[in-house]
Amino acid sequence: MTALRPIERRIRVAAALVLVGIVIEAVTLRILHPLSFVLFAALGALAIGAGIIVYLLALLRETEPGTAGAGHDGRAA
Amino acid sequence: MGIELVGLLAITAALLLVLLLRPATTRERGGRVLAFLGILALPTLAFAVGFNAHVERSKKREFCLSCHIMEPYGKSLAIDDDEYVPASHVQNNRVHRDEACFTCHTTYALYGDIKAKIGGLRHIAVNYLGAPPDTIRLYRPYNNRECLHCHEGARSFESNDAHTETDTTMTAIKANRLSCMSSGCHDLVHDVHNLGKLPMWKGARS
């Protein structure tokens with residue numbers, strides 16, 4: 001098993017956060033109660049939003065010149 | 001929850017699991033497309049569709065009555081007396097039974113539904129973080145606009161003797177200067193404090 005590159009670790013974190021948000025959405029949509037809406041709009045949105053931000057930051061850092069992980073084939077740009 | 005939303009959530013979750021368990025797939029072009037879809041595109045779509053589903057569900061009577069404090073208001077819809085406006089509207093299908101609360105308590109104006117939902121969030125804050133009052137009162141006096149949304153133009157409303165009693169009565173009603181709920185008009189509404197003394201319609205759905 002090869003070691004994960006920094007961008008892959010960040011993508012894993014992003015995927016985990018978005019998955020938490022998606023699970024919250026699925027659970028809250030099963031419960032008809034005002035608090036389920038609040039939970040979805042607060043925690044669900046927060047988790048999905050944070051995951052997307054981590055993903056976009058990972059892409060930005062990957063494409064920054066001079067960063068160790070730059071370039072999709074492992075070479076610096 | 002619709003089958004489309006279930007499918008969307010399932011596909012998104014499956015893609016996310018692949019990325020979570022095998023992040024190295026993003027070394028290939030296909031994996032990067034997968035990451036874009038799984039982390040950005042599909043979750044954004046799923047959130048938008050889920051938000052819309054939540055808003056639609058919040059119009060349900062069952063949703064409003066799921067809070068303990070609202071139970072008497074739900075029971076008041078079964079009062080067996082035509083003089084009680086909410087009860088007679090529900091029992092005679094003048095409003096959709098499943099959306100009875102929302103139909104009368106939304107605002108029929110620009111962004112009215114959004115304002116109603118923001119008001120709902122305020123209810124939740126008061127209910128869970130504050131002290132709910134013994135008698136729940138509207139934030140503002142009930143606007144005739146909400147009644148006229150359905151009744152304006154209807155023969156039973158336009159030609160009613162009480163509504164045309166004087167030359168100015170109808171104008172005052174339509175301009176919200178004379179409330180539909182003025183004393184002696186349609187002033188009997190939920191009356192939750194006297195529910196035990198009032199007859200209940202047995203045919204009413206619980």
# chains A, B, ... in the order shown; residues from 1 in each chain; ligands from 1
$ residues_around --residues "Glu56 of chain B" --least-positions-apart "3" --cutoff "12 Å" --atoms "only C-alpha atoms" --output "PyMOL selection string"
(chain A and resi 29+32+37) or (chain B and resi 1-2+49-53+59-61+63+98-99+102+113-114+117)
$ interface_residues --of "chain A" --to "chain B" --cutoff "9 Å" --atoms "only C-alpha atoms" --output "VMD selection string"
chain A and resid 2 4 to 5 7 to 9 11 to 16 18 to 19 21 to 23 25 to 26 28 to 30 32 to 38 40 to 41 44 to 45 48 to 49 51 to 52 55 to 56 72 to 74
$ atom_distance --atom1 "atom CA of Val192 of chain B" --atom2 "atom CA of His163 of chain B"
27.9 Å
$ atom_distance --atom1 "atom CA of His105 of chain B" --atom2 "atom CA of Tyr84 of chain B"
15.9 Å
$ atom_distance --atom1 "atom CA of His68 of chain B" --atom2 "atom CA of Ala125 of chain B"
14.4 Å
$ select_by_dssp --residues "chain A" --states "helix (DSSP H, G or I)" --output "count of residues only"
53
$ closest_residue --among "B:Thr135, B:Pro141, B:Cys150, B:Ser183" --to "Pro72 of chain B" --atoms "only C-alpha atoms"
B:Thr135
$ closest_residue --among "B:Met200, B:Val33, B:Val126, B:Leu45" --to "Glu4 of chain B" --atoms "only C-alpha atoms"
B:Leu45
